[in-house]
Every structure is written in structure tokens, then in C-alpha cells.
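Raw contents of structure-v1.cif, mmCIF, C-alpha atoms:
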```cif
data_protein
#
loop_
_atom_site.label_atom_id
_atom_site.label_comp_id
_atom_site.auth_asym_id
_atom_site.auth_seq_id
_atom_site.Cartn_x
_atom_site.Cartn_y
_atom_site.Cartn_z
CA MET A 1 0.00 0.00 0.00
CA LYS A 2 1.28 3.44 -0.92
CA ASN A 3 1.87 5.91 1.88
CA TYR A 4 1.84 9.63 1.12
CA ARG A 5 3.47 12.13 3.46
CA ILE A 6 1.37 15.29 3.58
CA ALA A 7 2.37 18.56 5.24
CA THR A 8 -0.56 20.60 6.52
CA ILE A 9 -0.04 24.33 7.06
CA PRO A 10 -3.34 25.86 8.25
CA GLY A 11 -1.76 29.32 8.44
CA ASP A 12 -4.08 32.12 9.50
CA GLY A 13 -7.77 32.88 9.99
CA ILE A 14 -10.21 30.30 8.66
CA GLY A 15 -7.29 28.27 7.34
CA LYS A 16 -7.19 26.85 10.87
CA GLU A 17 -10.71 25.52 10.35
CA VAL A 18 -10.83 24.38 6.73
CA ILE A 19 -7.49 22.56 6.66
CA PRO A 20 -8.38 20.30 9.63
CA ALA A 21 -11.70 19.71 7.86
CA ALA A 22 -9.85 18.74 4.67
CA ARG A 23 -7.64 16.39 6.66
CA THR A 24 -10.73 14.72 8.13
CA VAL A 25 -12.18 14.23 4.65
CA LEU A 26 -8.88 12.93 3.27
CA GLU A 27 -8.59 10.43 6.10
CA SER A 28 -12.12 9.30 5.31
CA ILE A 29 -11.41 8.85 1.60
CA ALA A 30 -8.19 6.93 2.35
CA ALA A 31 -10.11 4.58 4.64
CA GLN A 32 -12.79 4.03 1.99
CA GLN A 33 -10.38 3.47 -0.87
CA ASN A 34 -8.10 1.14 1.11
CA ALA A 35 -5.47 1.60 -1.61
CA PHE A 36 -3.21 4.13 0.04
CA SER A 37 -2.55 5.74 3.39
CA LEU A 38 -1.85 9.33 4.37
CA GLU A 39 0.69 10.44 6.94
CA PHE A 40 0.12 14.03 8.06
CA GLU A 41 2.48 16.45 9.76
CA ASP A 42 1.12 19.79 10.89
CA PHE A 43 3.16 23.01 10.87
CA ASP A 44 2.07 25.97 13.01
CA TRP A 45 3.53 28.64 10.73
CA GLY A 46 1.70 31.91 10.15
CA GLY A 47 0.72 35.03 12.06
CA ASP A 48 0.86 33.43 15.51
CA TYR A 49 4.30 32.04 14.74
CA HIS A 50 5.38 35.52 13.64
CA ARG A 51 4.28 37.01 16.95
CA LYS A 52 6.51 34.56 18.79
CA HIS A 53 9.52 34.44 16.47
CA GLY A 54 9.40 37.52 14.25
CA VAL A 55 9.09 35.44 11.06
CA MET A 56 6.20 33.62 9.40
CA MET A 57 8.12 30.36 9.13
CA PRO A 58 11.59 29.16 10.17
CA GLU A 59 14.54 30.08 7.98
CA ASN A 60 15.11 26.38 7.25
CA GLY A 61 11.40 25.62 6.93
CA LEU A 62 11.69 24.44 3.34
CA ASP A 63 13.97 21.62 4.50
CA ALA A 64 11.17 20.30 6.71
CA LEU A 65 8.85 20.18 3.69
CA ARG A 66 11.26 18.98 1.03
CA GLN A 67 10.64 15.24 1.45
CA LYS A 68 6.86 15.51 1.65
CA ASP A 69 4.71 14.25 -1.21
CA ALA A 70 2.41 17.28 -1.08
CA ILE A 71 1.49 20.31 1.00
CA LEU A 72 -2.03 21.32 2.02
CA PHE A 73 -2.09 25.04 2.81
CA GLY A 74 -4.80 27.20 4.39
CA SER A 75 -4.19 30.92 4.14
CA ALA A 76 -1.73 33.70 4.96
CA GLY A 77 -3.05 36.95 6.34
CA ASP A 78 -3.27 38.60 9.74
CA PRO A 79 -4.87 41.96 10.65
CA ASP A 80 -1.91 42.85 12.87
CA ILE A 81 0.82 42.07 10.31
CA PRO A 82 1.28 43.86 6.95
CA ASP A 83 0.02 41.73 4.07
CA HIS A 84 3.32 41.81 2.18
CA ILE A 85 5.04 40.26 5.21
CA THR A 86 2.52 37.46 5.62
CA LEU A 87 2.48 36.65 1.91
CA TRP A 88 6.20 36.83 1.18
CA GLY A 89 7.10 35.29 4.51
CA LEU A 90 5.08 32.12 4.04
CA ARG A 91 3.12 31.30 0.90
CA LEU A 92 5.45 32.89 -1.64
CA LYS A 93 8.50 31.63 0.23
CA ILE A 94 7.23 28.10 -0.35
CA CYS A 95 6.00 28.65 -3.92
CA GLN A 96 9.24 30.26 -5.07
CA GLY A 97 11.48 28.10 -2.92
CA PHE A 98 10.06 24.97 -4.53
CA ASP A 99 9.70 26.54 -8.01
CA GLN A 100 5.98 25.79 -8.11
CA TYR A 101 5.71 27.74 -11.33
CA ALA A 102 2.36 26.43 -12.57
CA ASN A 103 -0.68 27.56 -10.63
CA ILE A 104 -3.90 25.88 -11.78
CA ARG A 105 -7.35 27.11 -10.81
CA PRO A 106 -10.32 25.10 -12.09
CA THR A 107 -13.65 26.89 -12.07
CA ARG A 108 -17.12 25.59 -12.78
CA ILE A 109 -20.62 25.97 -11.43
CA LEU A 110 -21.18 23.08 -9.04
CA PRO A 111 -24.62 21.46 -8.64
CA GLY A 112 -26.98 23.47 -6.48
CA ILE A 113 -24.98 26.71 -6.67
CA ASP A 114 -26.95 29.84 -7.56
CA ALA A 115 -24.32 31.61 -9.65
CA PRO A 116 -24.79 35.32 -10.45
CA LEU A 117 -24.81 34.97 -14.25
CA LYS A 118 -28.47 34.13 -14.70
CA ARG A 119 -28.25 33.40 -18.43
CA CYS A 120 -25.21 31.17 -17.97
CA ARG A 121 -25.81 27.43 -17.97
CA PRO A 122 -23.46 25.31 -15.81
CA GLN A 123 -21.92 23.78 -18.93
CA ASP A 124 -21.11 27.27 -20.21
CA LEU A 125 -18.71 28.00 -17.35
CA ASP A 126 -16.13 25.23 -17.12
CA TRP A 127 -12.68 26.78 -17.10
CA VAL A 128 -9.16 26.12 -15.93
CA ILE A 129 -6.99 29.18 -15.37
CA VAL A 130 -3.24 28.58 -15.64
CA ARG A 131 -1.29 31.23 -13.75
CA GLU A 132 2.44 31.81 -14.11
CA ASN A 133 3.46 31.47 -10.48
CA SER A 134 7.15 32.32 -10.18
CA GLU A 135 7.98 35.63 -11.85
CA GLY A 136 6.17 38.39 -13.76
CA GLU A 137 4.57 41.09 -11.66
CA TYR A 138 5.26 39.19 -8.43
CA SER A 139 8.96 38.65 -9.01
CA GLY A 140 9.84 40.68 -5.92
CA VAL A 141 12.22 42.96 -7.82
CA GLY A 142 12.04 46.61 -6.83
CA GLY A 143 12.60 48.92 -3.91
CA ARG A 144 11.96 52.23 -2.17
CA VAL A 145 14.21 55.24 -1.76
CA HIS A 146 14.01 58.58 0.09
CA GLN A 147 11.22 57.30 2.32
CA GLY A 148 9.36 60.02 4.15
CA HIS A 149 10.55 62.77 1.83
CA PRO A 150 8.68 64.50 -1.02
CA ILE A 151 11.01 62.81 -3.50
CA GLU A 152 10.17 59.32 -2.20
CA ALA A 153 10.02 56.75 -5.00
CA ALA A 154 9.05 53.11 -5.18
CA THR A 155 9.29 50.50 -7.92
CA ASP A 156 7.95 47.02 -8.51
CA VAL A 157 9.49 45.53 -11.62
CA SER A 158 7.72 42.85 -13.63
CA VAL A 159 10.34 40.32 -14.75
CA MET A 160 9.59 37.80 -17.47
CA THR A 161 12.21 35.38 -18.71
CA ARG A 162 12.07 33.36 -21.88
CA VAL A 163 12.43 30.12 -19.94
CA GLY A 164 9.69 31.15 -17.52
CA VAL A 165 7.24 32.13 -20.24
CA GLU A 166 8.01 29.11 -22.41
CA ARG A 167 7.47 26.61 -19.61
CA ILE A 168 4.17 28.05 -18.38
CA LEU A 169 2.70 28.41 -21.87
CA ARG A 170 3.83 24.92 -22.82
CA PHE A 171 2.17 23.66 -19.62
CA ALA A 172 -1.02 25.53 -20.54
CA PHE A 173 -1.09 24.15 -24.09
CA LYS A 174 -0.58 20.61 -22.77
CA LEU A 175 -3.41 21.07 -20.28
CA ALA A 176 -5.69 22.44 -23.01
CA GLN A 177 -4.73 19.49 -25.18
CA SER A 178 -5.91 17.11 -22.44
CA ARG A 179 -9.35 18.71 -22.13
CA PRO A 180 -12.29 17.83 -24.42
CA ARG A 181 -12.47 21.19 -26.23
CA ARG A 182 -8.70 21.53 -26.79
CA GLN A 183 -9.00 25.28 -26.59
CA LEU A 184 -6.70 27.88 -25.02
CA THR A 185 -7.00 31.63 -24.55
CA VAL A 186 -3.74 33.44 -23.83
CA ILE A 187 -4.23 36.64 -21.85
CA THR A 188 -2.01 39.60 -22.67
CA LYS A 189 -1.68 43.37 -22.29
CA SER A 190 0.87 43.94 -25.02
CA ASN A 191 -0.87 47.04 -26.33
CA ALA A 192 0.31 48.96 -23.24
CA GLN A 193 3.12 46.80 -21.86
CA ARG A 194 5.23 46.88 -24.97
CA HIS A 195 8.28 44.87 -23.91
CA ALA A 196 7.67 41.86 -21.66
CA MET A 197 4.12 41.27 -22.83
CA VAL A 198 5.13 41.50 -26.46
CA MET A 199 7.69 38.79 -25.74
CA TRP A 200 4.88 36.81 -24.03
CA ASP A 201 2.81 37.08 -27.22
CA GLU A 202 5.70 36.06 -29.46
CA ILE A 203 6.49 33.01 -27.34
CA ALA A 204 2.82 32.00 -27.33
CA THR A 205 2.89 31.96 -31.13
CA GLU A 206 6.06 29.84 -31.08
CA ILE A 207 4.73 27.32 -28.55
CA ALA A 208 1.40 27.04 -30.39
CA ARG A 209 3.22 25.44 -33.33
CA GLU A 210 4.00 22.46 -31.09
CA PHE A 211 0.26 21.89 -30.51
CA PRO A 212 -1.51 21.99 -33.88
CA ASP A 213 -4.53 20.21 -32.39
CA VAL A 214 -5.15 23.03 -29.88
CA THR A 215 -7.25 25.98 -31.02
CA TRP A 216 -6.00 29.14 -29.39
CA ASP A 217 -6.62 32.84 -29.34
CA LYS A 218 -5.27 35.95 -27.63
CA GLU A 219 -7.24 38.37 -25.47
CA LEU A 220 -6.30 41.61 -23.73
CA VAL A 221 -6.80 41.23 -19.99
CA ASP A 222 -9.33 44.06 -19.69
CA ALA A 223 -11.39 42.63 -22.54
CA ALA A 224 -11.09 39.19 -20.93
CA THR A 225 -13.03 40.36 -17.87
CA ALA A 226 -15.95 41.36 -20.07
CA ARG A 227 -15.71 38.14 -22.06
CA MET A 228 -15.87 36.06 -18.86
CA VAL A 229 -19.13 37.78 -17.96
CA ASN A 230 -20.74 38.14 -21.39
CA ARG A 231 -19.48 35.08 -23.26
CA PRO A 232 -18.40 32.48 -20.69
CA ALA A 233 -18.97 29.58 -23.07
CA SER A 234 -16.30 30.98 -25.40
CA LEU A 235 -13.58 30.16 -22.83
CA ASP A 236 -12.08 26.89 -21.69
CA THR A 237 -8.40 26.89 -20.68
CA ILE A 238 -6.92 30.30 -19.90
CA ALA A 239 -3.23 31.20 -19.51
CA ALA A 240 -2.14 34.46 -17.91
CA THR A 241 0.67 36.14 -16.00
CA ASN A 242 1.02 36.08 -12.25
CA LEU A 243 -0.95 39.29 -11.62
CA HIS A 244 -3.50 38.94 -14.40
CA ALA A 245 -4.42 35.36 -13.49
CA ASP A 246 -4.58 36.26 -9.80
CA ILE A 247 -7.27 38.82 -10.55
CA LEU A 248 -9.11 36.84 -13.23
CA SER A 249 -9.34 33.73 -11.07
CA ASP A 250 -11.08 35.65 -8.27
CA LEU A 251 -13.56 36.98 -10.82
CA ALA A 252 -14.02 33.43 -12.12
CA ALA A 253 -14.71 32.10 -8.62
CA ALA A 254 -17.26 34.84 -7.98
CA LEU A 255 -18.99 34.07 -11.27
CA ALA A 256 -19.16 30.41 -10.25
CA GLY A 257 -20.86 31.33 -7.00
CA SER A 258 -18.28 32.02 -4.29
CA LEU A 259 -14.59 32.29 -3.52
CA GLY A 260 -15.33 29.79 -0.74
CA ILE A 261 -15.57 26.90 -3.18
CA ALA A 262 -12.54 27.70 -5.33
CA PRO A 263 -9.38 25.54 -5.24
CA THR A 264 -5.86 26.00 -6.50
CA GLY A 265 -2.74 23.94 -6.99
CA ASN A 266 0.79 25.35 -6.97
CA ILE A 267 2.51 22.77 -9.11
CA ASP A 268 6.09 21.80 -9.81
CA PRO A 269 5.38 19.90 -13.05
CA GLU A 270 8.84 18.30 -13.00
CA ARG A 271 8.13 16.89 -9.50
CA ARG A 272 11.49 17.97 -8.09
CA TYR A 273 9.75 19.34 -5.02
CA PRO A 274 6.37 18.88 -3.32
CA SER A 275 3.47 20.78 -4.84
CA MET A 276 1.10 22.79 -2.66
CA PHE A 277 -2.70 22.88 -2.72
CA GLU A 278 -4.92 25.53 -1.15
CA PRO A 279 -8.33 27.20 -1.26
CA ILE A 280 -8.15 30.71 -2.69
CA HIS A 281 -10.48 32.45 -0.23
CA GLY A 282 -7.88 33.94 2.13
CA SER A 283 -7.90 34.20 5.91
CA ALA A 284 -11.38 35.82 6.34
CA PHE A 285 -10.74 37.01 9.88
CA ASP A 286 -14.27 38.41 10.16
CA ILE A 287 -15.67 34.87 10.50
CA MET A 288 -12.66 33.16 12.09
CA GLY A 289 -13.50 30.81 14.95
CA LYS A 290 -17.24 30.90 14.34
CA GLY A 291 -17.50 27.64 12.41
CA LEU A 292 -18.97 29.48 9.43
CA ALA A 293 -16.20 28.94 6.85
CA ASN A 294 -17.01 27.06 3.66
CA PRO A 295 -14.66 24.05 3.54
CA VAL A 296 -15.51 23.15 -0.07
CA GLY A 297 -12.54 25.12 -1.43
CA SER A 298 -10.18 23.06 0.72
CA PHE A 299 -11.96 19.82 -0.25
CA TRP A 300 -11.67 20.63 -3.96
CA SER A 301 -8.00 21.49 -3.39
CA ALA A 302 -7.65 18.03 -1.85
CA VAL A 303 -9.13 16.62 -5.07
CA LEU A 304 -6.37 18.36 -7.04
CA MET A 305 -3.82 16.96 -4.61
CA LEU A 306 -5.09 13.39 -5.04
CA GLU A 307 -4.99 13.78 -8.82
CA HIS A 308 -1.41 15.04 -8.60
CA LEU A 309 -0.44 12.10 -6.38
CA GLY A 310 -1.79 9.67 -8.97
CA GLU A 311 -4.98 8.63 -7.16
CA PRO A 312 -7.70 9.41 -9.75
CA ALA A 313 -10.29 7.06 -8.24
CA ALA A 314 -10.06 8.74 -4.84
CA ALA A 315 -10.11 12.18 -6.46
CA ALA A 316 -13.24 11.33 -8.45
CA HIS A 317 -14.99 9.91 -5.38
CA LEU A 318 -14.23 13.03 -3.34
CA MET A 319 -15.42 15.29 -6.17
CA GLN A 320 -18.61 13.24 -6.32
CA ALA A 321 -19.10 13.83 -2.59
CA ILE A 322 -18.51 17.58 -2.97
CA GLU A 323 -21.12 17.82 -5.75
CA HIS A 324 -23.58 15.79 -3.69
CA VAL A 325 -23.21 18.23 -0.81
CA THR A 326 -23.40 21.44 -2.87
CA ALA A 327 -26.55 20.12 -4.53
CA ASN A 328 -28.29 20.30 -1.14
CA PRO A 329 -29.16 23.92 -0.21
CA ALA A 330 -29.43 22.88 3.44
CA LEU A 331 -25.67 22.31 3.36
CA HIS A 332 -24.78 25.72 1.94
CA THR A 333 -22.65 27.96 4.14
CA GLY A 334 -23.20 31.70 4.46
CA ASP A 335 -21.18 32.64 1.39
CA LEU A 336 -23.65 30.60 -0.67
CA GLY A 337 -26.69 32.10 1.02
CA GLY A 338 -27.21 29.31 3.54
CA THR A 339 -26.75 28.73 7.26
CA ALA A 340 -24.75 25.50 7.38
CA LYS A 341 -21.64 25.29 9.52
CA THR A 342 -18.18 24.04 8.55
CA ALA A 343 -18.65 20.91 10.65
CA GLU A 344 -22.00 20.07 9.04
CA VAL A 345 -20.58 20.24 5.52
CA THR A 346 -17.55 18.18 6.54
CA ARG A 347 -19.71 15.55 8.20
CA ALA A 348 -21.98 15.31 5.16
CA VAL A 349 -19.02 14.77 2.82
CA CYS A 350 -17.63 12.02 5.08
CA GLU A 351 -21.04 10.34 5.32
CA PHE A 352 -21.37 10.32 1.54
CA LEU A 353 -17.88 8.85 1.13
CA ALA A 354 -18.77 6.08 3.56
CA SER A 355 -22.09 5.21 1.93
CA ALA A 356 -21.86 5.92 -1.80
CA GLN A 357 -20.41 3.68 -4.45
CA PRO A 358 -17.19 5.22 -5.84
CA PRO A 359 -17.40 6.27 -9.50
CA VAL A 360 -15.54 4.28 -12.11
CA ALA A 361 -12.17 6.01 -12.60
#
```

How does this structure look as C-alpha cells?
Amino acid sequence: MKNYRIATIPGDGIGKEVIPAARTVLESIAAQQNAFSLEFEDFDWGGDYHRKHGVMMPENGLDALRQKDAILFGSAGDPDIPDHITLWGLRLKICQGFDQYANIRPTRILPGIDAPLKRCRPQDLDWVIVRENSEGEYSGVGGRVHQGHPIEAATDVSVMTRVGVERILRFAFKLAQSRPRRQLTVITKSNAQRHAMVMWDEIATEIAREFPDVTWDKELVDAATARMVNRPASLDTIAATNLHADILSDLAAALAGSLGIAPTGNIDPERRYPSMFEPIHGSAFDIMGKGLANPVGSFWSAVLMLEHLGEPAAAAHLMQAIEHVTANPALHTGDLGGTAKTAEVTRAVCEFLASAQPPVA
């Protein structure tokens, strides 16, 4: 029997609620499948750790994660600590330290979800957003000078390398090739960003020649927001830079019903390091500790993790359980217009896993 070593990092806010819930569900699916086991190790990194030690995670924290098969992450964000410290000190330190350059964010309208686009059928909104996750606008290059003076200046430099752009676009084309529609939209802003984004466009054209069976087009990022709202069925797989995909994926989650259901995977496609899976909703301190958080985003992230580990049957069974639960309005949490609690949703998923016949993988 295979044994997978999973690091859990709840982080801050409702991450401390949804990651334990995801662990409970994963333990349930492992028991039902009886084909693999999961060995968890929890890490208390985040805002509370920062208050004690002055850093979000230990300097050698990556060494503690390096031999894990995957990482399940909650959120980074604390009202008493500047956001750039929480993000760069924990999540981005892991993503960049392990070169998790491919961020994937599937989006679709799950059964029972009342999505805001009333003329949009569920089959019209079934996307995967591929986000470049290691450079671009979030490269960390820049600085501030003359702070506190009238001549104060600050820069954040977007850095795109040929190798970075080639590998993320090749990843996106391969993913599009694996999906039924074999369609990719490459997001750009080369009309205004005339250097790096022009290179992005040129490389997209080059990579496209390797995938003649993939239909692709190019869309300016501002126009893409309107297209997501007005013509959702015209999109399938979407590739964008670090910043653009970050923004578009939040819009996509909202159009699908809630950020609370949205998952993401920070992937090292070459499998040199562990990949990390997380819900995209953030720390949500306003509901922390109240048992109100929607755990579906963490459950769907666990689905992505199981797929990455090579357990498609378990992933499909868990996704089936998620869809069974979202189809029941009585199990909708507050973000979906309901009154269900985190524990109720978690219990319902586990009960379904224990009683329902797994789908054929």
C-alpha cells in the first residue's frame, strides 16, 4: 500500500478551520479506498508564529517540507501584520522556494450553486486558469528610496524570462490538449506593456506550433473580464501572467458562485519538489473561529492533490461527494446564502464517502 506524506499548514484565519476539515475528509477517503494511506504532519507557521519568532516560518522551513509528497495550505493573512510580510514570509516563500511555477485554478458551477450569471448554464462556465506562479509582476524585484521625503520613489518591476514564459505556456497548451475542447486563450496586455508582454505574445505563437490540435486565441486582460461575464462559453483553458491570473481567477470564482468553493494547486510539473494545494479564499478574519467557513474550497483542493499524487479514483470519489453536498441547499454555508456550519458540511461529505459507491475512474 502506498503511503503519502502530507504537510498541513493551516496558516491564519479560517485556514485553521478548513485545513483540519480537509484532513478529516482525506482520512475518510483513504479509509474508503483502502489503496493508500496518508501520513500528516502539521506546521504551526503563520501570524501566531510571527508574533513569537518575528518570522512567518523558520529560515530552514523548506527543508522540513522537502521530502513531503504534497502540501495542504490554508491561508496567509493577519490583521496585525502587513500583508506583504505574511504573503512573502510564508506562501510565496514556499512557492518560489520549490519553483511551483504552474498555478492551476479550475472553475465551474457546481450542482446546487446559484451563480450570479443568470443566463449562464453550468456547462457554459467550465474553465481552468493557468497562472504563471514564479515571476512576472510578483517577481519581488524593486525597492523604495528617500522614504518620508517629497522625493520618495518606489518601484515594482515585472520580470519575465524566456524560460519562464516558455514553460508556463507549454504547460497551458498541454493542459488544453488534455481537455475535451482543446481550446486555449492566452491573456495579454501587449498594447500597453510593450516589452515583456510583447515577448509573451511572441512566445505563445512559437509554442502554439508544437500543438496543432489546440485551437488558441489571444485576449487583452481588460477585454477578458468582459468576455468572462458576457461570453463564458467561449472560454475553456486560460493562460495568464502572475498578476493577471490572480485577478481573473477571483472573478471566475465569484462568477461560479463564491470564492469559498474555489481551489488551487501550486505545481512543480517536474516533480522535483512537493506541490502545494490551497483554497483561494484567504484568511477571512471576520468569520474566524465561528465555524462558518465554507470548507468546499479546501476539499476541492484536496481533489487536485489526489490527482497530482496519482490517485484518480479517490479524487473522483471526493469530487462526487462535494457535488452531492453542494446540490443540497441545506448544506450551503453563508457565502452561498445558507446557514450550514463548517462541521456540518464536513460531516456530510464524510457520510457520503462512507455510503456511496465510488465512481468508475

List every residue of segment 209-307 of chain A that has an atom at most 7 Å from any atom of segment 127-147 of chain A, and for each one report the closest atom pair and its distance in Å to one decimal, counting only C-alpha atoms, with rows sorted by chain and then by increasing residue number, as a tab-separated table.
```
residue	atom	partner	partner_atom	distance
A:Leu235	CA	A:Trp127	CA	6.7
A:Asp236	CA	A:Trp127	CA	4.6
A:Thr237	CA	A:Val128	CA	4.9
A:Ile238	CA	A:Ile129	CA	4.7
A:Ala239	CA	A:Val130	CA	4.7
A:Ala240	CA	A:Arg131	CA	5.3
A:Thr241	CA	A:Glu132	CA	5.0
A:Asn242	CA	A:Glu132	CA	4.9
A:Leu243	CA	A:Glu137	CA	5.8
A:Ala245	CA	A:Arg131	CA	5.2
A:Ser249	CA	A:Ile129	CA	6.7
```

- Could you list as a ChimeraX atom specification every residue that has an atom within 10 Å of (-7.1, 14.6, -2.4), using the file's coordinates and counting all atoms listed in the file? /A:22-23,25-27,29-30,70,72,277,298-312,314-319

- Task: Using all atoms listed in the file, pick whichever of A:Leu169, A:Ile267, A:Met197, A:Leu125 has the shortest atom-to-atom distance to Asn230 of chain A.
- Result: A:Leu125

- Message: Just checking: using all atoms listed in the file, which residue out of A:Asn3, A:Gln100, A:Thr346, A:Thr161 ends up closest to Asn34 of chain A?
- Response: A:Asn3

- Message: Take the PyMOL selection byres ((chain A and resi 250) around 12), run it mentally on this structure, and tell me the resulting residues as JSON, numbers by chain.
- Response: {"A": [105, 106, 107, 129, 225, 228, 243, 244, 245, 246, 247, 248, 249, 251, 252, 253, 254, 255, 256, 257, 258, 259, 260, 261, 262, 263, 264, 279, 280, 281, 282]}

- Item | Evaluate the PyMOL selection byres ((chain A and resi 117) around 9) and report residues as a ChimeraX atom specification | /A:114-116,118-121,229-230,255-256

- Task: For atom CA of Thr8 of chain A and atom CA of Lys68 of chain A, determine how far apart the two atoms are, in Å to one decimal place.
- Result: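 Answer for the atom CA of Thr8 of chain A to atom CA of Lys68 of chain A separation: 10.2 Å.
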
- Message: Selection in question (the file shown): the PyMOL selection byres ((chain A and resi 94) around 10). Which residues does it include, as a list in words?
- Response: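 Selected by the PyMOL selection byres ((chain A and resi 94) around 10) here: Met57, Gly61, Leu62, Leu65, Ile71, Trp88, Gly89, Leu90, Arg91, Leu92, Lys93, Cys95, Gln96, Gly97, Phe98, Asp99, Gln100, Asn266, Pro274, Ser275 and Met276 of chain A.
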
- Message: Can you measure atom CA of Ile6 of chain A to atom CA of Phe73 of chain A for me? One decimal in Å is fine.
- Response: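 These two atoms are separated by 10.4 Å.
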
- Message: Between atom CA of Val345 of chain A and atom CA of His324 of chain A, what distance in Å does the model show, to one decimal?
- Response: 10.7 Å

- May I ask which of the residues A:Ala321, A:Pro180, A:Thr205, A:Glu278 is the closest one to Ser355 of chain A, counting all atoms listed in the file? A:Ala321

- May I have the residues within 9 Å of segment 199-202 of chain A as a list in words, using only C-alpha atoms and disregarding those fewer than 6 positions away in the same chain?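 In the requested format, the answer is Met160, Arg162, Val165, Glu166, Leu169, Val186, Ile187, Thr188, Ser190 and Lys218 of chain A.
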
- So which one's closest to Ile14 of chain A, A:Gly74, A:Pro232, A:Pro58, A:Val221? Using only C-alpha atoms, please.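 Counting only C-alpha atoms, the residue closest to Ile14 of chain A is A:Gly74.
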